[in-house]
$ cat start31.cif   # mmCIF, C-alpha atoms
data_run
#
loop_
_atom_site.group_PDB
_atom_site.id
_atom_site.type_symbol
_atom_site.label_atom_id
_atom_site.label_comp_id
_atom_site.auth_asym_id
_atom_site.auth_seq_id
_atom_site.Cartn_x
_atom_site.Cartn_y
_atom_site.Cartn_z
ATOM 1 C CA MET U 1 4.545 -16.498 23.650
ATOM 2 C CA ASN U 2 4.440 -12.776 22.987
ATOM 3 C CA CYS U 3 1.620 -10.862 21.271
ATOM 4 C CA LYS U 4 3.628 -10.162 18.111
ATOM 5 C CA LYS U 5 4.111 -13.882 17.454
ATOM 6 C CA ILE U 6 0.468 -14.640 18.227
ATOM 7 C CA GLU U 7 -0.685 -11.913 15.836
ATOM 8 C CA GLU U 8 1.188 -13.670 13.032
ATOM 9 C CA LEU U 9 -0.715 -16.871 13.812
ATOM 10 C CA LEU U 10 -4.181 -15.311 14.065
ATOM 11 C CA SER U 11 -4.718 -15.191 10.321
ATOM 12 C CA SER U 12 -4.031 -18.921 9.874
ATOM 13 C CA TYR U 13 -6.044 -19.631 13.011
ATOM 14 C CA ILE U 14 -9.233 -18.103 11.621
ATOM 15 C CA ASP U 15 -8.678 -19.972 8.353
ATOM 16 C CA GLY U 16 -8.379 -23.268 10.222
ATOM 17 C CA GLU U 17 -4.905 -23.801 8.757
ATOM 18 C CA LEU U 18 -2.869 -24.014 11.958
ATOM 19 C CA GLU U 19 -1.120 -27.057 13.356
ATOM 20 C CA ARG U 20 -2.550 -28.489 16.568
ATOM 21 C CA ASP U 21 0.309 -27.161 18.726
ATOM 22 C CA ASP U 22 -0.137 -23.637 17.416
ATOM 23 C CA ILE U 23 -3.905 -23.770 17.900
ATOM 24 C CA ILE U 24 -3.338 -24.545 21.580
ATOM 25 C CA LYS U 25 -0.805 -21.687 21.851
ATOM 26 C CA VAL U 26 -3.263 -19.198 20.328
ATOM 27 C CA GLU U 27 -6.184 -20.363 22.439
ATOM 28 C CA ASN U 28 -4.193 -20.261 25.661
ATOM 29 C CA HIS U 29 -2.887 -16.805 24.818
ATOM 30 C CA ILE U 30 -6.228 -15.197 23.995
ATOM 31 C CA LYS U 31 -7.704 -16.490 27.229
ATOM 32 C CA GLU U 32 -5.319 -14.187 29.048
ATOM 33 C CA CYS U 33 -4.691 -11.369 26.550
ATOM 34 C CA SER U 34 -7.696 -9.186 25.844
ATOM 35 C CA GLU U 35 -5.844 -7.171 23.210
ATOM 36 C CA CYS U 36 -5.099 -10.220 21.071
ATOM 37 C CA LYS U 37 -8.636 -11.489 21.623
ATOM 38 C CA ALA U 38 -9.961 -8.183 20.277
ATOM 39 C CA LYS U 39 -7.669 -8.465 17.281
ATOM 40 C CA LEU U 40 -8.879 -11.982 16.599
ATOM 41 C CA GLU U 41 -12.502 -10.849 16.671
ATOM 42 C CA HIS U 42 -11.658 -7.918 14.429
ATOM 43 C CA TYR U 43 -9.988 -10.188 11.854
ATOM 44 C CA GLN U 44 -12.943 -12.545 12.008
ATOM 45 C CA SER U 45 -15.337 -9.700 11.293
ATOM 46 C CA ILE U 46 -13.138 -8.573 8.369
ATOM 47 C CA LYS U 47 -13.201 -12.107 7.036
ATOM 48 C CA GLU U 48 -16.994 -12.080 7.141
ATOM 49 C CA MET U 49 -17.073 -8.659 5.448
ATOM 50 C CA VAL U 50 -14.853 -9.835 2.584
ATOM 51 C CA LYS U 51 -16.940 -12.960 2.128
ATOM 52 C CA SER U 52 -20.095 -10.878 1.960
ATOM 53 C CA ILE U 53 -18.867 -8.689 -0.922
ATOM 54 C CA GLU U 54 -21.442 -8.941 -3.659
ATOM 55 C CA ILE U 55 -20.008 -9.918 -6.992
ATOM 56 C CA PRO U 56 -22.256 -9.641 -10.035
ATOM 57 C CA SER U 57 -22.680 -12.580 -12.379
ATOM 58 C CA PRO U 58 -21.118 -12.334 -15.807
ATOM 59 C CA SER U 59 -23.668 -11.239 -18.378
ATOM 60 C CA TYR U 60 -25.302 -13.704 -20.722
ATOM 61 C CA ARG U 61 -23.362 -12.123 -23.605
ATOM 62 C CA VAL U 62 -20.129 -13.669 -22.286
ATOM 63 C CA GLU U 63 -21.623 -17.132 -22.056
ATOM 64 C CA ARG U 64 -23.058 -16.762 -25.569
ATOM 65 C CA ASN U 65 -19.698 -15.614 -26.915
ATOM 66 C CA ILE U 66 -17.690 -18.392 -25.288
ATOM 67 C CA ILE U 67 -20.091 -21.183 -26.135
ATOM 68 C CA GLY U 68 -20.756 -19.753 -29.607
ATOM 69 C CA TYR U 69 -17.016 -19.582 -30.218
ATOM 70 C CA THR U 70 -16.510 -23.230 -29.210
ATOM 71 C CA ARG U 71 -19.392 -24.370 -31.375
ATOM 72 C CA ARG U 72 -18.153 -22.397 -34.385
ATOM 73 C CA ARG U 73 -14.678 -23.764 -33.778
ATOM 74 C CA ASN U 74 -16.019 -27.302 -33.542
ATOM 75 C CA TYR U 75 -18.022 -26.903 -36.757
ATOM 76 C CA PHE U 76 -14.935 -25.566 -38.488
ATOM 77 C CA LEU U 77 -12.779 -28.435 -37.245
ATOM 78 C CA ARG U 78 -15.469 -30.943 -38.172
ATOM 79 C CA PHE U 79 -15.687 -29.382 -41.660
ATOM 80 C CA ILE U 80 -11.909 -29.563 -42.115
ATOM 81 C CA PHE U 81 -11.867 -33.116 -40.801
ATOM 82 C CA SER U 82 -14.726 -34.290 -43.007
ATOM 83 C CA THR U 83 -13.334 -32.675 -46.163
ATOM 84 C CA SER U 84 -9.907 -34.150 -45.558
ATOM 85 C CA LEU U 85 -11.517 -37.505 -44.837
ATOM 86 C CA LEU U 86 -13.483 -37.326 -48.101
ATOM 87 C CA THR U 87 -10.411 -36.311 -50.056
ATOM 88 C CA GLY U 88 -8.430 -39.136 -48.517
ATOM 89 C CA LEU U 89 -11.178 -41.619 -49.295
ATOM 90 C CA GLY U 90 -11.379 -40.374 -52.885
ATOM 91 C CA ALA U 91 -7.631 -40.694 -53.310
ATOM 92 C CA LEU U 92 -7.757 -44.221 -51.928
ATOM 93 C CA LEU U 93 -10.530 -45.172 -54.361
ATOM 94 C CA ILE U 94 -8.591 -43.778 -57.315
ATOM 95 C CA LEU U 95 -5.448 -45.592 -56.221
ATOM 96 C CA THR U 96 -7.285 -48.882 -55.823
ATOM 97 C CA PHE U 97 -9.547 -48.939 -58.863
ATOM 98 C CA GLY U 98 -8.682 -46.042 -61.134
ATOM 99 C CA HIS U 99 -5.123 -46.978 -61.861
ATOM 100 C CA THR U 100 -4.214 -50.124 -63.814
ATOM 101 C CA ALA U 101 -0.499 -50.613 -64.029
ATOM 102 C CA PRO U 102 0.836 -51.434 -67.576
ATOM 103 C CA PRO U 103 2.530 -54.833 -67.902
ATOM 104 C CA VAL U 104 6.281 -54.620 -67.551
ATOM 105 C CA VAL U 105 7.977 -55.819 -70.738
ATOM 106 C CA GLU U 106 11.726 -56.090 -70.872
ATOM 107 C CA LYS U 107 12.752 -54.399 -74.109
ATOM 108 C CA PRO U 108 15.942 -55.477 -75.859
ATOM 109 C CA LYS U 109 18.518 -52.713 -75.810
ATOM 110 C CA GLU U 110 19.096 -51.109 -79.185
ATOM 111 C CA TYR U 111 22.325 -49.331 -79.967
ATOM 112 C CA TYR U 112 23.376 -47.052 -82.703
ATOM 113 C CA MET U 113 26.676 -45.407 -83.285
ATOM 114 C CA VAL U 114 27.468 -41.780 -83.764
ATOM 115 C CA LYS U 115 30.902 -40.458 -84.602
ATOM 116 C CA GLU U 116 32.172 -37.844 -82.204
ATOM 117 C CA GLU U 117 32.802 -34.905 -84.504
ATOM 118 C CA LYS U 118 35.497 -33.206 -82.523
ATOM 119 C CA ASN U 119 37.447 -36.341 -81.736
ATOM 120 C CA PRO U 120 37.641 -38.751 -84.705
ATOM 121 C CA TYR U 121 39.076 -41.502 -82.536
ATOM 122 C CA MET U 122 36.098 -41.564 -80.286
ATOM 123 C CA GLU U 123 32.703 -43.026 -80.917
ATOM 124 C CA ILE U 124 29.647 -42.697 -78.833
ATOM 125 C CA VAL U 125 27.287 -45.601 -78.689
ATOM 126 C CA TYR U 126 23.854 -44.476 -77.845
ATOM 127 C CA GLU U 127 21.225 -46.614 -76.318
ATOM 128 C CA LYS U 128 17.666 -45.928 -77.435
ATOM 129 C CA GLU U 129 16.834 -44.827 -73.878
ATOM 130 C CA GLY U 130 19.347 -41.994 -74.151
ATOM 131 C CA ASN U 131 22.225 -43.506 -72.176
ATOM 132 C CA TYR U 132 25.506 -43.615 -73.989
ATOM 133 C CA ILE U 133 28.758 -45.476 -73.782
ATOM 134 C CA LEU U 134 32.021 -44.067 -75.073
ATOM 135 C CA THR U 135 33.977 -46.464 -77.195
ATOM 136 C CA ASN U 136 37.102 -46.351 -79.315
ATOM 137 C CA TYR U 137 37.116 -47.803 -82.843
ATOM 138 C CA GLU U 138 37.933 -51.288 -81.626
ATOM 139 C CA GLY U 139 34.722 -51.304 -79.707
ATOM 140 C CA GLY U 140 36.260 -51.354 -76.206
ATOM 141 C CA SER U 141 34.500 -49.069 -73.810
ATOM 142 C CA PHE U 142 36.419 -46.479 -71.782
ATOM 143 C CA MET H 1 -7.576 -35.045 -23.794
ATOM 144 C CA LYS H 2 -10.310 -32.930 -25.346
ATOM 145 C CA LEU H 3 -11.990 -30.484 -22.990
ATOM 146 C CA ASP H 4 -15.684 -29.845 -23.117
ATOM 147 C CA ILE H 5 -15.605 -26.062 -22.847
ATOM 148 C CA GLU H 6 -19.369 -25.713 -22.602
ATOM 149 C CA SER H 7 -19.609 -27.854 -19.481
ATOM 150 C CA ILE H 8 -16.489 -26.303 -17.983
ATOM 151 C CA TYR H 9 -17.976 -22.858 -18.486
ATOM 152 C CA ARG H 10 -21.277 -23.867 -16.951
ATOM 153 C CA MET H 11 -19.530 -25.434 -13.976
ATOM 154 C CA TYR H 12 -16.727 -22.942 -13.299
ATOM 155 C CA GLY H 13 -17.422 -19.816 -15.393
ATOM 156 C CA GLU H 14 -18.956 -17.849 -12.553
ATOM 157 C CA TYR H 15 -16.349 -19.071 -10.083
ATOM 158 C CA ILE H 16 -13.499 -17.855 -12.299
ATOM 159 C CA TYR H 17 -15.362 -14.625 -12.934
ATOM 160 C CA ARG H 18 -15.492 -13.975 -9.161
ATOM 161 C CA TYR H 19 -11.706 -14.167 -9.015
ATOM 162 C CA ILE H 20 -11.239 -11.902 -12.044
ATOM 163 C CA TYR H 21 -13.818 -9.404 -10.838
ATOM 164 C CA GLY H 22 -12.195 -9.366 -7.401
ATOM 165 C CA MET H 23 -8.880 -8.516 -9.052
ATOM 166 C CA VAL H 24 -10.051 -5.817 -11.496
ATOM 167 C CA HIS H 25 -13.287 -4.592 -9.937
ATOM 168 C CA ASN H 26 -14.842 -3.627 -13.224
ATOM 169 C CA LYS H 27 -17.631 -5.605 -14.862
ATOM 170 C CA ALA H 28 -16.822 -4.981 -18.521
ATOM 171 C CA GLU H 29 -13.093 -5.532 -18.019
ATOM 172 C CA ALA H 30 -13.720 -8.697 -15.994
ATOM 173 C CA GLU H 31 -16.024 -10.065 -18.686
ATOM 174 C CA ASP H 32 -13.447 -9.448 -21.415
ATOM 175 C CA LEU H 33 -10.795 -11.154 -19.297
ATOM 176 C CA LEU H 34 -13.114 -14.100 -18.659
ATOM 177 C CA GLN H 35 -13.536 -14.517 -22.417
ATOM 178 C CA ASP H 36 -9.793 -14.298 -22.971
ATOM 179 C CA THR H 37 -9.270 -16.876 -20.224
ATOM 180 C CA PHE H 38 -11.621 -19.351 -21.880
ATOM 181 C CA ILE H 39 -10.020 -18.847 -25.282
ATOM 182 C CA LYS H 40 -6.726 -19.815 -23.637
ATOM 183 C CA VAL H 41 -8.419 -22.804 -21.987
ATOM 184 C CA MET H 42 -9.580 -24.036 -25.404
ATOM 185 C CA LYS H 43 -6.051 -23.921 -26.756
ATOM 186 C CA ALA H 44 -4.317 -25.216 -23.622
ATOM 187 C CA ASP H 45 -2.794 -28.628 -23.155
ATOM 188 C CA SER H 46 -5.083 -30.258 -20.656
ATOM 189 C CA SER H 47 -3.358 -33.612 -20.308
ATOM 190 C CA GLU H 48 -1.986 -33.042 -16.816
ATOM 191 C CA ILE H 49 -4.742 -31.293 -14.933
ATOM 192 C CA GLU H 50 -4.927 -32.353 -11.312
ATOM 193 C CA ASN H 51 -7.277 -29.743 -9.962
ATOM 194 C CA MET H 52 -9.551 -28.126 -12.540
ATOM 195 C CA LYS H 53 -10.428 -25.145 -10.310
ATOM 196 C CA SER H 54 -6.803 -24.258 -9.570
ATOM 197 C CA TRP H 55 -5.815 -24.815 -13.189
ATOM 198 C CA LEU H 56 -8.512 -22.461 -14.465
ATOM 199 C CA ILE H 57 -7.619 -19.797 -11.903
ATOM 200 C CA THR H 58 -3.959 -20.064 -12.889
ATOM 201 C CA ILE H 59 -4.899 -19.372 -16.514
ATOM 202 C CA ALA H 60 -7.144 -16.482 -15.466
ATOM 203 C CA ARG H 61 -4.288 -15.108 -13.378
ATOM 204 C CA TYR H 62 -1.861 -15.146 -16.325
ATOM 205 C CA THR H 63 -4.524 -13.492 -18.451
ATOM 206 C CA ILE H 64 -4.966 -10.669 -15.923
ATOM 207 C CA TYR H 65 -1.223 -10.120 -15.489
ATOM 208 C CA ASP H 66 -0.726 -10.129 -19.289
ATOM 209 C CA HIS H 67 -3.483 -7.568 -19.600
ATOM 210 C CA TRP H 68 -1.907 -5.312 -16.975
ATOM 211 C CA ARG H 69 1.505 -5.665 -18.610
ATOM 212 C CA ARG H 70 0.062 -4.712 -22.012
ATOM 213 C CA GLU H 71 -1.703 -1.713 -20.492
ATOM 214 C CA ARG H 72 1.517 -0.517 -18.883
ATOM 215 C CA ARG H 73 3.453 -0.939 -22.134
ATOM 216 C CA ARG H 74 0.764 0.915 -24.071
ATOM 217 C CA LEU H 75 0.928 3.827 -21.658
ATOM 218 C CA LYS H 76 4.729 3.870 -21.772
ATOM 219 C CA LEU H 77 4.691 3.977 -25.572
ATOM 220 C CA ARG H 78 2.145 6.762 -25.674
ATOM 221 C CA PRO H 79 3.001 8.932 -22.698
ATOM 222 C CA PHE H 80 0.932 11.883 -23.901
ATOM 223 C CA VAL H 81 -2.285 9.949 -23.983
ATOM 224 C CA ARG H 82 -4.013 10.568 -20.732
ATOM 225 C CA GLU H 83 -4.805 7.378 -18.922
ATOM 226 C CA LYS H 84 -8.487 6.644 -19.096
ATOM 227 C CA LYS H 85 -9.854 6.677 -15.614
ATOM 228 C CA ARG H 86 -10.879 3.162 -14.734
ATOM 229 C CA ASP H 87 -14.430 2.921 -13.726
ATOM 230 C CA ILE H 88 -14.070 0.936 -10.550
ATOM 231 C CA ASP H 89 -17.214 -0.152 -8.883
ATOM 232 C CA LEU H 90 -16.518 -0.048 -5.154
ATOM 233 C CA LYS H 91 -19.562 0.057 -2.953
ATOM 234 C CA LEU H 92 -18.286 -0.882 0.473
ATOM 235 C CA ASP H 93 -15.393 0.331 2.611
ATOM 236 C CA ILE H 94 -13.952 -3.171 2.621
ATOM 237 C CA GLU H 95 -13.882 -3.197 -1.205
ATOM 238 C CA ARG H 96 -12.064 0.136 -1.275
ATOM 239 C CA GLU H 97 -9.527 -1.079 1.262
ATOM 240 C CA ILE H 98 -8.895 -4.335 -0.602
ATOM 241 C CA GLU H 99 -8.376 -2.336 -3.790
ATOM 242 C CA LYS H 100 -5.709 -0.275 -2.020
ATOM 243 C CA LEU H 101 -3.690 -3.369 -1.024
ATOM 244 C CA PRO H 102 -0.568 -4.236 -3.039
ATOM 245 C CA PRO H 103 -1.547 -6.778 -5.785
ATOM 246 C CA LYS H 104 0.200 -9.690 -4.044
ATOM 247 C CA LEU H 105 -1.730 -9.158 -0.811
ATOM 248 C CA LYS H 106 -4.978 -8.423 -2.602
ATOM 249 C CA GLU H 107 -4.657 -11.625 -4.576
ATOM 250 C CA VAL H 108 -4.322 -13.924 -1.543
ATOM 251 C CA ILE H 109 -7.351 -12.321 0.106
ATOM 252 C CA ILE H 110 -9.447 -12.823 -3.065
ATOM 253 C CA LEU H 111 -8.310 -16.433 -3.494
ATOM 254 C CA ARG H 112 -8.958 -17.232 0.155
ATOM 255 C CA GLU H 113 -12.226 -15.397 0.850
ATOM 256 C CA ILE H 114 -13.905 -15.020 -2.524
ATOM 257 C CA ASN H 115 -12.773 -18.305 -4.066
ATOM 258 C CA GLN H 116 -12.601 -20.213 -0.777
ATOM 259 C CA LEU H 117 -9.357 -21.979 -1.654
ATOM 260 C CA ASN H 118 -7.141 -23.584 0.969
ATOM 261 C CA TYR H 119 -3.506 -22.617 1.529
ATOM 262 C CA LYS H 120 -2.168 -25.556 -0.496
ATOM 263 C CA GLU H 121 -4.278 -24.633 -3.522
ATOM 264 C CA ILE H 122 -3.271 -20.964 -3.229
ATOM 265 C CA SER H 123 0.398 -21.883 -2.984
ATOM 266 C CA ASP H 124 0.083 -24.058 -6.124
ATOM 267 C CA ILE H 125 -1.595 -21.254 -8.069
ATOM 268 C CA LEU H 126 0.928 -18.617 -7.029
ATOM 269 C CA GLY H 127 3.900 -20.970 -7.237
ATOM 270 C CA VAL H 128 5.096 -20.062 -3.724
ATOM 271 C CA GLU H 129 5.554 -21.904 -0.419
ATOM 272 C CA ILE H 130 2.631 -22.339 1.959
ATOM 273 C CA GLY H 131 4.592 -20.256 4.487
ATOM 274 C CA THR H 132 4.563 -17.359 2.017
ATOM 275 C CA VAL H 133 0.797 -17.694 1.591
ATOM 276 C CA LYS H 134 0.418 -17.618 5.391
ATOM 277 C CA SER H 135 2.547 -14.527 5.827
ATOM 278 C CA ARG H 136 0.921 -12.678 2.912
ATOM 279 C CA LEU H 137 -2.539 -13.381 4.278
ATOM 280 C CA SER H 138 -1.465 -12.305 7.712
ATOM 281 C CA ARG H 139 0.019 -9.045 6.366
ATOM 282 C CA ALA H 140 -3.077 -8.411 4.273
ATOM 283 C CA ARG H 141 -5.355 -8.890 7.288
ATOM 284 C CA ILE H 142 -3.205 -6.713 9.514
ATOM 285 C CA LYS H 143 -3.327 -3.948 6.882
ATOM 286 C CA LEU H 144 -7.073 -4.282 6.437
ATOM 287 C CA GLY H 145 -7.509 -4.382 10.196
ATOM 288 C CA GLU H 146 -5.549 -1.149 10.605
ATOM 289 C CA SER H 147 -7.341 0.720 7.861
ATOM 290 C CA LEU H 148 -10.835 -0.491 8.684
ATOM 291 C CA GLY H 149 -10.867 -0.663 12.433
ATOM 292 C CA GLY H 150 -8.371 1.952 13.401
ATOM 293 C CA ILE H 151 -8.448 0.478 16.857
ATOM 294 C CA PHE H 152 -4.891 -0.816 16.931
#

$ encode --input "start31.cif" --output "structure tokens"
Amino acid sequence: MNCKKIEELLSSYIDGELERDDIIKVENHIKECSECKAKLEHYQSIKEMVKSIEIPSPSYRVERNIIGYTRRRNYFLRFIFSTSLLTGLGALLILTFGHTAPPVVEKPKEYYMVKEEKNPYMEIVYEKEGNYILTNYEGGSF
Amino acid sequence: MKLDIESIYRMYGEYIYRYIYGMVHNKAEAEDLLQDTFIKVMKADSSEIENMKSWLITIARYTIYDHWRRERRRLKLRPFVREKKRDIDLKLDIEREIEKLPPKLKEVIILREINQLNYKEISDILGVEIGTVKSRLSRARIKLGESLGGIF
């Protein structure tokens, strides 16, 4: 295997992400090729350098903001939930105890007649409820 | 499923911050982006999380890319406003060289070395094949090797 191909494998080799066959290829190659061995060592040292980069911790302000935000949000949601729960409960109470339905009494229908002014052959029979039936003089409905 | 943001922050906050800081290299900017990330986490649908670490990094990644996109748009809309020089805190040569890498190569190096993720996890976060992760990492290391060592 030539050096170019091995160089492509070196990166995965140092990450321990190579298949067994490729590991053997790389290891056999670097035994004989000092240039690729030097490259491998160089990449390994770069890997260590990157890992050693110091990264500061986020300041306490961020933690306070994030956790404060969640708590405020939770309080708000709890408030909304509890008020809606109370309202719902109140409505249920009113529906159960506050409302007594009047007894249903079937009223007899009452009619009275009105003469249609524009058409003397037509009469309108009104029900008390406001419905009306059109009739002619003989009393037959249209 | 309801997420307990407080415990998630305590468990992964610093870990996610390391990724964000590695990408932007500025403390104040990274802290703002960490906050934005967690606001998104609170609103996100968490019903199908397989790997919490990868999921959180994916959200952080979208947050960073959104931020960069907004910055670019803002500068395009106001071309006469001079771009504020970003205060990048680079102490070591290696940090300067990583910062010079194209974003795609920089990102794989950060995810691999700073966040210690394996290739499968990186490929899930980036939405690319494992082969792509391999070749990007290899290219990134070759570039870093050339600029840092100068021996090849």

$ resolve_selection --input "start31.cif" --expression "the PyMOL selection byres ((chain H) within 7 of (chain U))" --output "ChimeraX atom specification"
/H:6,14,17-18,31,35,94,113-114,134,137-138,141,145

$ closest_residue --input "start31.cif" --among "H:Leu75, H:Leu33, H:Ile122, H:Val24" --to "Val108 in chain H" --atoms "all atoms listed in the file"
H:Ile122

$ closest_residue --input "start31.cif" --among "H:Leu92, H:Leu117, H:Ile64, H:Leu144" --to "Glu29 in chain H" --atoms "only C-alpha atoms"
H:Ile64

$ atom_distance --input "start31.cif" --atom1 "CA of Arg10 in chain H" --atom2 "CA of Leu126 in chain H"
24.9 Å

$ atom_distance --input "start31.cif" --atom1 "CA of Ala140 in chain H" --atom2 "CA of Leu105 in chain H"
5.3 Å

$ atom_distance --input "start31.cif" --atom1 "CA of Lys40 in chain H" --atom2 "CA of Tyr9 in chain H"
12.7 Å

$ resolve_selection --input "start31.cif" --expression "the PyMOL selection byres ((chain H and resi 22) around 9)" --output "ChimeraX atom specification"
/U:55 /H:17-21,23-26,30,95,99,106-107,110-111,114

$ closest_residue --input "start31.cif" --among "H:Leu3, H:Ile59, H:Glu71, H:Lys76" --to "Ser47 in chain H" --atoms "only C-alpha atoms"
H:Leu3

$ axis_aligned_box --input "start31.cif" --around "range 16-19 of chain U" --padding-each-side "5 Å" --output "JSON"
{"center_x": -4.7, "center_y": -25.2, "center_z": 11.1, "size_x": 17.3, "size_y": 13.8, "size_z": 14.6}

$ closest_residue --input "start31.cif" --among "U:Ile94, U:Gly88, U:Tyr75, U:Ile6" --to "Glu27 in chain U" --atoms "only C-alpha atoms"
U:Ile6

$ decode --input "start31.cif" --residues "range 75-91 of chain U" --atoms "N, CA, C and O atoms" --output "compact mmCIF listing (two decimals), in the first residue's frame"
# COMPACT_ATOMS: atom_id res chain seq x y z
N TYR U 75 -43.48 28.49 37.09
CA TYR U 75 -44.44 29.18 37.95
C TYR U 75 -45.60 29.71 37.11
O TYR U 75 -46.76 29.60 37.47
N PHE U 76 -45.23 30.29 35.96
CA PHE U 76 -46.26 30.86 35.09
C PHE U 76 -47.23 29.77 34.63
O PHE U 76 -48.44 29.92 34.74
N LEU U 77 -46.64 28.64 34.18
CA LEU U 77 -47.50 27.55 33.70
C LEU U 77 -48.37 27.01 34.83
O LEU U 77 -49.55 26.72 34.64
N ARG U 78 -47.75 26.91 36.03
CA ARG U 78 -48.50 26.40 37.17
C ARG U 78 -49.66 27.36 37.50
O ARG U 78 -50.76 26.95 37.81
N PHE U 79 -49.36 28.69 37.41
CA PHE U 79 -50.38 29.69 37.69
C PHE U 79 -51.54 29.55 36.71
O PHE U 79 -52.71 29.48 37.10
N ILE U 80 -51.18 29.46 35.40
CA ILE U 80 -52.21 29.32 34.37
C ILE U 80 -53.02 28.05 34.61
O ILE U 80 -54.25 28.04 34.59
N PHE U 81 -52.32 26.97 34.92
CA PHE U 81 -52.97 25.69 35.13
C PHE U 81 -53.91 25.76 36.33
O PHE U 81 -55.06 25.35 36.25
N SER U 82 -53.41 26.36 37.45
CA SER U 82 -54.24 26.37 38.64
C SER U 82 -55.46 27.28 38.46
O SER U 82 -56.56 26.94 38.89
N THR U 83 -55.25 28.43 37.78
CA THR U 83 -56.42 29.31 37.58
C THR U 83 -57.46 28.64 36.68
O THR U 83 -58.65 28.70 36.95
N SER U 84 -56.95 27.96 35.64
CA SER U 84 -57.93 27.33 34.74
C SER U 84 -58.64 26.18 35.45
O SER U 84 -59.82 25.93 35.24
N LEU U 85 -57.87 25.51 36.33
CA LEU U 85 -58.46 24.41 37.10
C LEU U 85 -59.55 24.95 38.02
O LEU U 85 -60.65 24.40 38.10
N LEU U 86 -59.24 26.08 38.69
CA LEU U 86 -60.22 26.68 39.61
C LEU U 86 -61.47 27.13 38.86
O LEU U 86 -62.59 26.91 39.31
N THR U 87 -61.23 27.76 37.71
CA THR U 87 -62.37 28.23 36.91
C THR U 87 -63.24 27.05 36.50
O THR U 87 -64.47 27.10 36.60
N GLY U 88 -62.56 26.01 36.04
CA GLY U 88 -63.29 24.81 35.61
C GLY U 88 -64.10 24.21 36.74
O GLY U 88 -65.27 23.86 36.57
N LEU U 89 -63.48 24.16 37.91
CA LEU U 89 -64.14 23.60 39.09
C LEU U 89 -65.36 24.43 39.46
O LEU U 89 -66.44 23.92 39.75
N GLY U 90 -65.17 25.76 39.41
CA GLY U 90 -66.27 26.70 39.72
C GLY U 90 -67.43 26.48 38.76
O GLY U 90 -68.59 26.38 39.18
N ALA U 91 -67.09 26.37 37.47
CA ALA U 91 -68.13 26.20 36.46
C ALA U 91 -68.89 24.90 36.70
O ALA U 91 -70.12 24.85 36.58
